[in-house]
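File shown here: final35.tsv, holding TSV, C-alpha atoms.
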```
chain	number	residue	atom	x	y	z
A	1	MET	CA	9.57	-14.29	-17.37
A	2	ARG	CA	9.81	-16.14	-14.06
A	3	ALA	CA	8.56	-13.93	-11.25
A	4	LEU	CA	8.36	-14.35	-7.49
A	5	VAL	CA	6.01	-12.28	-5.34
A	6	THR	CA	6.53	-11.71	-1.62
A	7	GLY	CA	3.29	-10.74	0.06
A	8	GLY	CA	1.41	-12.49	-2.73
A	9	THR	CA	-1.37	-13.66	-0.42
A	10	GLY	CA	-2.39	-10.08	0.34
A	11	PHE	CA	-4.54	-7.48	-1.39
A	12	VAL	CA	-1.93	-5.93	-3.69
A	13	GLY	CA	0.23	-9.03	-4.05
A	14	SER	CA	-2.63	-11.27	-5.19
A	15	HIS	CA	-3.62	-8.76	-7.86
A	16	ILE	CA	0.00	-8.69	-9.08
A	17	VAL	CA	-0.11	-12.50	-9.31
A	18	ARG	CA	-3.32	-12.22	-11.34
A	19	GLU	CA	-1.79	-9.62	-13.68
A	20	LEU	CA	1.33	-11.74	-14.17
A	21	ASN	CA	-0.91	-14.71	-14.99
A	22	GLU	CA	-2.83	-12.67	-17.56
A	23	GLN	CA	0.42	-11.59	-19.22
A	24	GLY	CA	1.70	-15.16	-19.43
A	25	HIS	CA	4.49	-15.08	-16.83
A	26	GLU	CA	5.41	-17.96	-14.52
A	27	VAL	CA	4.67	-17.02	-10.90
A	28	THR	CA	5.89	-18.23	-7.53
A	29	VAL	CA	4.46	-16.89	-4.26
A	30	LEU	CA	6.60	-16.82	-1.13
A	31	HIS	CA	4.35	-17.45	1.87
A	32	ARG	CA	4.34	-18.99	5.33
A	33	THR	CA	2.78	-22.39	6.04
A	34	THR	CA	0.16	-20.54	8.10
A	35	SER	CA	-0.75	-18.02	5.39
A	36	LYS	CA	-4.34	-17.83	4.22
A	37	LEU	CA	-4.44	-18.40	0.46
A	38	ASP	CA	-8.03	-17.25	-0.17
A	39	ALA	CA	-6.96	-14.23	-2.24
A	40	LEU	CA	-5.10	-16.55	-4.64
A	41	ALA	CA	-8.05	-18.84	-5.35
A	42	GLY	CA	-8.22	-19.71	-9.05
A	43	LEU	CA	-4.80	-18.27	-9.87
A	44	ASP	CA	-1.85	-20.15	-11.36
A	45	TYR	CA	1.23	-20.10	-9.12
A	46	GLU	CA	3.81	-22.23	-7.36
A	47	SER	CA	4.31	-22.00	-3.61
A	48	ALA	CA	7.64	-21.36	-1.90
A	49	ILE	CA	7.55	-21.64	1.87
A	50	GLY	CA	9.25	-18.90	3.87
A	51	ASP	CA	9.02	-15.22	4.67
A	52	VAL	CA	11.11	-12.08	4.24
A	53	THR	CA	12.89	-12.57	7.56
A	54	ASP	CA	14.19	-16.00	6.46
A	55	LEU	CA	17.25	-15.45	4.28
A	56	ASP	CA	17.91	-19.14	3.62
A	57	ALA	CA	14.33	-19.74	2.47
A	58	MET	CA	14.59	-16.81	0.06
A	59	ARG	CA	17.93	-17.98	-1.31
A	60	LYS	CA	16.22	-21.25	-2.21
A	61	ALA	CA	13.01	-19.64	-3.53
A	62	PHE	CA	14.76	-17.00	-5.67
A	63	GLN	CA	16.80	-19.49	-7.72
A	64	GLY	CA	16.13	-18.99	-11.43
A	65	MET	CA	13.89	-15.94	-11.00
A	66	ASP	CA	14.01	-13.02	-13.43
A	67	TRP	CA	11.92	-10.67	-11.30
A	68	VAL	CA	11.17	-10.44	-7.60
A	69	PHE	CA	8.23	-8.28	-6.58
A	70	HIS	CA	8.85	-7.40	-2.95
A	71	VAL	CA	5.37	-6.51	-1.76
A	72	ALA	CA	5.38	-8.06	1.73
A	73	ALA	CA	5.15	-5.48	4.50
A	74	VAL	CA	3.42	-4.65	7.73
A	75	ALA	CA	0.93	-2.12	6.35
A	76	ASP	CA	-1.82	-2.14	9.00
A	77	TYR	CA	0.38	0.07	11.16
A	78	TRP	CA	-2.45	1.12	13.48
A	79	ARG	CA	-2.69	-2.50	14.68
A	80	ALA	CA	0.98	-3.46	14.45
A	81	ASN	CA	3.79	-3.80	16.95
A	82	LYS	CA	6.25	-1.11	15.87
A	83	GLN	CA	9.38	-3.22	16.34
A	84	HIS	CA	7.87	-6.03	14.28
A	85	MET	CA	6.96	-3.48	11.60
A	86	PHE	CA	10.56	-2.23	11.48
A	87	ASP	CA	11.92	-5.81	11.39
A	88	VAL	CA	9.73	-6.71	8.39
A	89	ASN	CA	9.67	-3.43	6.49
A	90	ILE	CA	13.33	-2.46	6.88
A	91	GLU	CA	15.36	-5.56	7.67
A	92	GLY	CA	13.10	-7.78	5.57
A	93	THR	CA	13.81	-5.55	2.58
A	94	ARG	CA	17.53	-5.79	3.26
A	95	LYS	CA	17.32	-9.60	3.26
A	96	VAL	CA	15.20	-9.70	0.09
A	97	LEU	CA	17.81	-7.64	-1.74
A	98	GLN	CA	20.65	-9.78	-0.41
A	99	ALA	CA	18.95	-13.00	-1.50
A	100	ALA	CA	18.19	-11.52	-4.93
A	101	ARG	CA	21.80	-10.41	-5.35
A	102	GLU	CA	23.20	-13.78	-4.35
A	103	THR	CA	20.89	-15.74	-6.67
A	104	GLY	CA	21.25	-13.54	-9.75
A	105	VAL	CA	17.73	-12.10	-9.91
A	106	ARG	CA	17.65	-9.64	-12.82
A	107	ARG	CA	15.41	-7.01	-11.23
A	108	VAL	CA	13.66	-6.37	-7.91
A	109	ILE	CA	10.50	-4.27	-7.87
A	110	PHE	CA	10.13	-2.85	-4.37
A	111	THR	CA	6.68	-1.82	-3.20
A	112	SER	CA	7.27	1.16	-0.95
A	113	SER	CA	4.46	3.63	-0.22
A	114	VAL	CA	3.44	7.22	-0.73
A	115	ALA	CA	3.96	7.34	3.04
A	116	ALA	CA	7.70	7.51	2.31
A	117	ILE	CA	7.21	10.61	0.14
A	118	GLY	CA	7.50	13.98	1.85
A	119	VAL	CA	4.39	16.06	2.52
A	120	ARG	CA	4.25	19.52	0.90
A	121	GLY	CA	0.85	20.50	2.29
A	122	SER	CA	-1.57	23.30	1.35
A	123	GLY	CA	-2.72	21.34	-1.69
A	124	ARG	CA	0.70	21.48	-3.36
A	125	LEU	CA	1.76	18.35	-5.22
A	126	ALA	CA	4.63	16.24	-3.92
A	127	ASP	CA	6.69	14.33	-6.48
A	128	GLU	CA	9.29	11.57	-6.33
A	129	SER	CA	12.04	14.02	-5.36
A	130	MET	CA	10.43	14.81	-1.99
A	131	PRO	CA	12.18	13.07	0.93
A	132	PHE	CA	10.24	11.82	3.94
A	133	ASN	CA	9.78	14.78	6.27
A	134	LEU	CA	7.50	13.73	9.14
A	135	PRO	CA	8.67	12.86	12.67
A	136	ARG	CA	9.11	9.14	13.29
A	137	ARG	CA	6.82	9.26	16.34
A	138	ILE	CA	3.95	10.74	14.29
A	139	PHE	CA	4.21	8.36	11.35
A	140	PRO	CA	6.31	5.27	12.13
A	141	TYR	CA	5.00	3.40	9.08
A	142	GLY	CA	6.18	6.12	6.71
A	143	TYR	CA	9.48	6.20	8.56
A	144	SER	CA	9.89	2.44	8.11
A	145	LYS	CA	9.25	2.68	4.37
A	146	ALA	CA	11.63	5.62	4.00
A	147	ARG	CA	14.31	3.63	5.83
A	148	ALA	CA	13.64	0.67	3.52
A	149	GLU	CA	14.12	2.97	0.53
A	150	GLY	CA	17.48	3.91	2.03
A	151	VAL	CA	18.40	0.22	2.00
A	152	VAL	CA	17.34	0.08	-1.66
A	153	ALA	CA	19.46	3.12	-2.50
A	154	GLU	CA	22.52	1.42	-1.00
A	155	ALA	CA	21.89	-1.68	-3.13
A	156	VAL	CA	21.43	0.38	-6.30
A	157	ALA	CA	24.67	2.24	-5.58
A	158	GLN	CA	26.39	-1.15	-5.62
A	159	GLY	CA	24.90	-1.95	-9.03
A	160	GLN	CA	21.78	-3.93	-8.11
A	161	ASP	CA	18.79	-3.36	-10.42
A	162	VAL	CA	15.90	-2.22	-8.23
A	163	VAL	CA	12.86	-0.13	-9.13
A	164	THR	CA	10.75	1.41	-6.36
A	165	VAL	CA	7.03	2.08	-6.62
A	166	ASN	CA	5.10	4.26	-4.17
A	167	PRO	CA	1.37	3.49	-4.17
A	168	VAL	CA	-1.13	5.90	-2.66
A	169	ILE	CA	-4.28	4.70	-0.85
A	170	ILE	CA	-5.54	1.67	-2.73
A	171	MET	CA	-9.18	0.75	-3.30
A	172	GLY	CA	-10.78	-2.02	-5.33
A	173	PRO	CA	-12.19	-5.51	-4.90
A	174	GLY	CA	-10.46	-8.10	-2.75
A	175	ASP	CA	-9.28	-6.18	0.33
A	176	LEU	CA	-9.85	-9.10	2.71
A	177	ASN	CA	-7.72	-7.60	5.48
A	178	MET	CA	-9.54	-4.28	5.50
A	179	ILE	CA	-6.52	-2.06	4.90
A	180	SER	CA	-8.13	0.72	2.86
A	181	GLY	CA	-11.59	-0.84	2.85
A	182	THR	CA	-12.21	0.64	6.29
A	183	PHE	CA	-13.18	3.86	4.47
A	184	VAL	CA	-16.17	2.04	3.01
A	185	VAL	CA	-17.17	-0.21	5.89
A	186	GLN	CA	-16.96	2.46	8.59
A	187	LEU	CA	-19.05	4.89	6.56
A	188	TRP	CA	-21.65	2.16	6.05
A	189	ARG	CA	-21.73	1.27	9.75
A	190	TYR	CA	-21.73	4.76	11.25
A	191	ARG	CA	-23.48	6.69	8.45
A	192	GLY	CA	-24.02	10.30	9.50
A	193	LEU	CA	-21.86	9.89	12.61
A	194	THR	CA	-18.70	9.47	10.54
A	195	PRO	CA	-16.62	12.64	10.99
A	196	ILE	CA	-14.57	13.97	8.11
A	197	THR	CA	-11.66	16.39	8.22
A	198	ASN	CA	-10.55	19.30	6.08
A	199	GLY	CA	-7.57	17.49	4.58
A	200	GLY	CA	-7.22	15.32	1.52
A	201	THR	CA	-5.03	12.72	-0.12
A	202	ALA	CA	-4.49	10.58	-3.24
A	203	PHE	CA	-6.23	7.37	-4.28
A	204	THR	CA	-5.96	4.63	-6.88
A	205	ASP	CA	-7.34	1.20	-7.81
A	206	VAL	CA	-5.60	-2.07	-7.04
A	207	ARG	CA	-5.92	-3.33	-10.63
A	208	ASP	CA	-4.00	-0.32	-11.92
A	209	ILE	CA	-1.46	-0.87	-9.14
A	210	ALA	CA	-0.90	-4.41	-10.40
A	211	ARG	CA	-0.49	-3.23	-14.01
A	212	TRP	CA	1.99	-0.57	-12.91
A	213	HIS	CA	4.06	-3.11	-10.99
A	214	VAL	CA	4.48	-5.26	-14.08
A	215	ALA	CA	5.21	-2.15	-16.17
A	216	ALA	CA	7.89	-1.18	-13.65
A	217	ALA	CA	9.47	-4.60	-14.11
A	218	GLU	CA	9.39	-4.24	-17.89
A	219	LYS	CA	10.35	-0.61	-18.42
A	220	GLY	CA	10.95	1.20	-15.15
A	221	ARG	CA	14.36	2.79	-14.78
A	222	MET	CA	16.87	1.28	-12.38
A	223	GLY	CA	17.11	3.21	-9.13
A	224	GLU	CA	14.03	5.34	-9.79
A	225	ARG	CA	10.89	5.68	-7.68
A	226	TYR	CA	7.41	6.05	-9.19
A	227	ILE	CA	4.35	7.45	-7.42
A	228	LEU	CA	1.39	5.24	-8.36
A	229	SER	CA	-1.73	7.39	-8.18
A	230	THR	CA	-4.97	8.07	-10.03
A	231	ALA	CA	-6.37	11.24	-8.45
A	232	ASN	CA	-6.22	13.60	-5.46
A	233	TYR	CA	-9.40	14.31	-3.49
A	234	ASP	CA	-10.26	16.36	-0.44
A	235	TYR	CA	-11.98	14.22	2.19
A	236	LYS	CA	-15.38	15.88	1.79
A	237	THR	CA	-15.45	14.94	-1.90
A	238	TRP	CA	-14.00	11.50	-1.24
A	239	PHE	CA	-16.52	10.49	1.41
A	240	SER	CA	-19.34	11.88	-0.72
A	241	MET	CA	-18.17	9.57	-3.52
A	242	ILE	CA	-18.14	6.59	-1.16
A	243	ALA	CA	-21.62	7.49	0.11
A	244	LYS	CA	-22.92	7.66	-3.46
A	245	ALA	CA	-21.49	4.20	-4.18
A	246	LEU	CA	-23.14	2.90	-1.00
A	247	GLY	CA	-26.45	4.61	-1.76
A	248	ILE	CA	-26.51	6.58	1.50
A	249	ALA	CA	-26.35	10.25	2.45
A	250	ALA	CA	-22.95	11.92	2.44
A	251	PRO	CA	-21.48	12.65	5.88
A	252	ARG	CA	-21.82	16.23	7.08
A	253	LEU	CA	-20.01	16.11	10.43
A	254	VAL	CA	-16.70	17.96	10.01
A	255	ALA	CA	-14.03	17.61	12.70
A	256	PRO	CA	-12.37	21.01	13.23
A	257	THR	CA	-8.67	20.80	12.44
A	258	PRO	CA	-7.59	22.44	15.75
A	259	LEU	CA	-9.34	19.62	17.66
A	260	LEU	CA	-7.50	16.80	15.89
A	261	PRO	CA	-4.53	16.74	18.32
A	262	LEU	CA	-6.96	16.44	21.25
A	263	ALA	CA	-8.83	13.64	19.52
A	264	ALA	CA	-5.55	11.87	18.81
A	265	THR	CA	-4.55	12.12	22.48
A	266	ALA	CA	-7.92	10.65	23.50
A	267	ILE	CA	-7.33	7.71	21.15
A	268	ASP	CA	-3.85	7.18	22.60
A	269	ILE	CA	-5.30	7.08	26.12
A	270	ALA	CA	-8.07	4.70	25.07
A	271	ARG	CA	-5.57	2.28	23.58
A	272	MET	CA	-3.30	2.47	26.62
A	273	VAL	CA	-6.18	1.28	28.83
A	274	GLY	CA	-7.15	-1.45	26.38
A	275	ILE	CA	-10.09	0.16	24.59
A	276	PRO	CA	-10.00	-0.70	20.86
A	277	THR	CA	-10.50	2.14	18.40
A	278	PRO	CA	-11.32	1.94	14.67
A	279	ILE	CA	-8.64	4.49	13.78
A	280	ASP	CA	-5.07	5.18	14.84
A	281	ALA	CA	-4.13	8.37	16.68
A	282	ASN	CA	-1.47	9.19	14.10
A	283	GLN	CA	-4.03	8.90	11.31
A	284	VAL	CA	-6.06	11.54	13.14
A	285	ARG	CA	-3.03	13.81	13.60
A	286	LEU	CA	-2.40	13.70	9.85
A	287	GLY	CA	-6.08	13.98	8.92
A	288	GLY	CA	-6.07	17.75	8.50
A	289	ARG	CA	-3.23	17.77	5.96
A	290	TYR	CA	-3.55	17.84	2.19
A	291	VAL	CA	-1.25	15.03	1.09
A	292	TYR	CA	-1.49	15.47	-2.68
A	293	VAL	CA	0.89	13.95	-5.22
A	294	ASP	CA	2.01	14.33	-8.82
A	295	ASN	CA	1.55	11.13	-10.87
A	296	SER	CA	2.99	12.50	-14.12
A	297	LYS	CA	6.17	10.43	-13.99
A	298	CYS	CA	4.19	7.20	-13.68
A	299	VAL	CA	1.88	8.20	-16.53
A	300	ALA	CA	4.79	9.19	-18.78
A	301	GLU	CA	7.07	6.22	-18.12
A	302	LEU	CA	4.79	3.34	-17.06
A	303	ALA	CA	1.15	3.88	-18.09
A	304	ALA	CA	-1.91	6.01	-17.46
A	305	PRO	CA	-4.52	4.70	-15.00
A	306	GLN	CA	-7.33	2.74	-16.62
A	307	ILE	CA	-9.89	2.83	-13.80
A	308	ASN	CA	-11.37	6.05	-12.44
A	309	MET	CA	-12.14	6.25	-8.74
A	310	ALA	CA	-15.93	6.32	-9.13
A	311	GLN	CA	-15.74	2.95	-10.92
A	312	SER	CA	-13.23	1.69	-8.35
A	313	LEU	CA	-15.55	2.56	-5.47
A	314	ASN	CA	-18.54	0.95	-7.18
A	315	ASP	CA	-16.52	-2.24	-7.67
A	316	THR	CA	-15.26	-2.09	-4.08
A	317	VAL	CA	-18.75	-1.71	-2.65
A	318	ARG	CA	-20.10	-4.52	-4.83
A	319	TRP	CA	-17.30	-6.84	-3.66
A	320	TYR	CA	-17.93	-6.03	0.01
A	321	GLN	CA	-21.66	-6.62	-0.46
A	322	GLU	CA	-21.04	-9.98	-2.12
A	323	HIS	CA	-18.69	-11.06	0.67
A	324	GLY	CA	-20.88	-10.06	3.59
A	325	PHE	CA	-18.96	-7.05	4.90
A	326	LEU	CA	-21.87	-4.61	4.49
A	327	ARG	CA	-24.72	-5.88	6.63
```
I'd like the structure from this file rewritten - as structure tokens, please.
Amino acid sequence: MRALVTGGTGFVGSHIVRELNEQGHEVTVLHRTTSKLDALAGLDYESAIGDVTDLDAMRKAFQGMDWVFHVAAVADYWRANKQHMFDVNIEGTRKVLQAARETGVRRVIFTSSVAAIGVRGSGRLADESMPFNLPRRIFPYGYSKARAEGVVAEAVAQGQDVVTVNPVIIMGPGDLNMISGTFVVQLWRYRGLTPITNGGTAFTDVRDIARWHVAAAEKGRMGERYILSTANYDYKTWFSMIAKALGIAAPRLVAPTPLLPLAATAIDIARMVGIPTPIDANQVRLGGRYVYVDNSKCVAELAAPQINMAQSLNDTVRWYQEHGFLR
């Protein structure tokens, strides 16, 4: 198959390119002239210049493609301008679908996020049927992805073949932009001073994410969404696993859940006066929730995960050590 990947220079996108290479597909990566291509070193791909806000560039790049993997997004929402995030995540998705429709692309695989899945809380598992249910002001990134899924639903209703995948927090080697890798690096830097909360969430490995994307292209059902997850962990267990991979003591400082809103307000104030913070206020507000998911649909229809999270963390730590992030 001929496949194009938007966001192919990033963490997830580059692993999808690698997986497509390994399965013998022809790959094109849509990227800007200013994009750093380090994550694609050694991979076999053609370049198409443009981005997801440039409809004409995509019309040209999508010609003759069987699959388009729409991975490009503003994901580092704690550093991003919100309007830019909405322009890329919502309107960019609309333009990708339009270009794919106009050029006869057989299937679009849209990388959404577990952030667009509703939160059930109290350790109960959310599945693909759960709509986004958090206020926009608390979680604008999740809101942007939910809105993008609305755009996808409109396209599917008109007969366009789109499959949506919803990855959870992604670990693994190659996270150059420090999206999820901050879990590891911050624990290494601050050791026992790293506070943990009483919540929990779901995690997976980027190599499984790449395999699931290709499986979604091959056998996912049109119009369906698939939660891509390996396992749910409470934060105490999760940070203990990271500490073990790093060879350091597990953190013991627990932030009381009732204090999280106050901490979030302090972060908001710090940012307003220009003081950088390693975490976003909205991440803190959500930190006491148990955002657990059900991955059974993915396992039944796409594939089971191949990499457990202990192995994923060991590989992540080794990669960060080799690339000078853990000093």
Q. Hey, what's within 9 Å of Trp212 (chain A) if we count all atoms listed in the file and toss same-chain stuff fewer than 5 positions away? As a ChimeraX atom specification, please?
A. /A:165,207,217,228,298,302-305
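Between CA of Arg189 (chain A) and CA of Thr237 (chain A) there is a distance of 19.0 Å.
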Closest atom pairs, residues of region 161-269 of chain A within 10 Å of region 21-38 of chain A, only C-alpha atoms, as a Markdown table:
```
| residue | atom | partner | partner_atom | distance |
| --- | --- | --- | --- | --- |
| A:Gly174 | CA | A:Asp38 | CA | 9.8 |
| A:Leu176 | CA | A:Asp38 | CA | 8.8 |
| A:Arg211 | CA | A:Gln23 | CA | 9.9 |
| A:Val214 | CA | A:Gln23 | CA | 9.1 |
```
Q | Top pick for closest residue to Met171 (chain A), considering A:Ile227, A:Met309, A:Ala41, A:Ala157 and counting all atoms listed in the file | A |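 Smallest separation from Met171 (chain A) among the options: A:Met309.
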Q | Which residue of A:Gly104, A:Pro167, A:Gly223, A:Pro135 approaches Gly150 (chain A) most closely, using only C-alpha atoms | A |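 Using only C-alpha atoms, Gly150 (chain A) sits closest to A:Gly223.
Restricting the calculation to all atoms listed in the file, the smallest distance between Lys219 (chain A) and any of A:Ala155, A:Ala266, A:Ile109, A:Ile117 is found for A:Ile109.
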Q: Excluding Glu149 (chain A) and any residue of its chain fewer than 6 positions from it, enumerate the residues within 9 Å of it, using all atoms listed in the file, and give them as a ChimeraX atom specification.
A: /A:90,93,110,112,116,164
Q. What does the distance from CA of Ala255 (chain A) to CA of Leu187 (chain A) come to in Å, to one decimal?
A.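 Separation between CA of Ala255 (chain A) and CA of Leu187 (chain A): 15.0 Å.
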Q. Near region 81-87 of chain A, within 8 Å and counting only C-alpha atoms, which residues show up once chain neighbours fewer than 4 positions away are dropped, as a VMD selection string?
A. chain A and resid 53 73 to 74 77 91 to 92 140 to 141 144
Taking all listed atoms of region 251-258 of chain A, build the axis-aligned box, pad each of the six sides by 3 Å, then write its centre and edge lengths in Å to one decimal as JSON.
```
{"center_x": -14.7, "center_y": 17.5, "center_z": 10.8, "size_x": 20.2, "size_y": 15.8, "size_z": 15.9}
```
Please list, as a compact mmCIF listing (two decimals) with C-alpha atoms, keeping the file's coordinate frame, the residues that have an atom at most 9 Å away from (-1.4, -10.3, 1.5) in the coordinates of this file, counting all atoms listed in the file.
```txt
# COMPACT_ATOMS: atom_id res chain seq x y z
CA THR A 6 6.53 -11.71 -1.62
CA GLY A 7 3.29 -10.74 0.06
CA GLY A 8 1.41 -12.49 -2.73
CA THR A 9 -1.37 -13.66 -0.42
CA GLY A 10 -2.39 -10.08 0.34
CA PHE A 11 -4.54 -7.48 -1.39
CA VAL A 12 -1.93 -5.93 -3.69
CA GLY A 13 0.23 -9.03 -4.05
CA SER A 14 -2.63 -11.27 -5.19
CA SER A 35 -0.75 -18.02 5.39
CA LYS A 36 -4.34 -17.83 4.22
CA LEU A 37 -4.44 -18.40 0.46
CA ALA A 39 -6.96 -14.23 -2.24
CA VAL A 71 5.37 -6.51 -1.76
CA ALA A 72 5.38 -8.06 1.73
CA ALA A 73 5.15 -5.48 4.50
CA ASP A 175 -9.28 -6.18 0.33
CA LEU A 176 -9.85 -9.10 2.71
CA ASN A 177 -7.72 -7.60 5.48
```
Q. For Arg2 (chain A), which residue among A:Glu46, A:Val52, A:Ala100, A:Met65 is the nearest when counting only C-alpha atoms?
A.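 The closest residue to Arg2 (chain A) is A:Met65.
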Q | Length of the CA of Leu262 (chain A) to CA of Arg124 (chain A) vector [Å] | A |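 So the answer is 26.3 Å.
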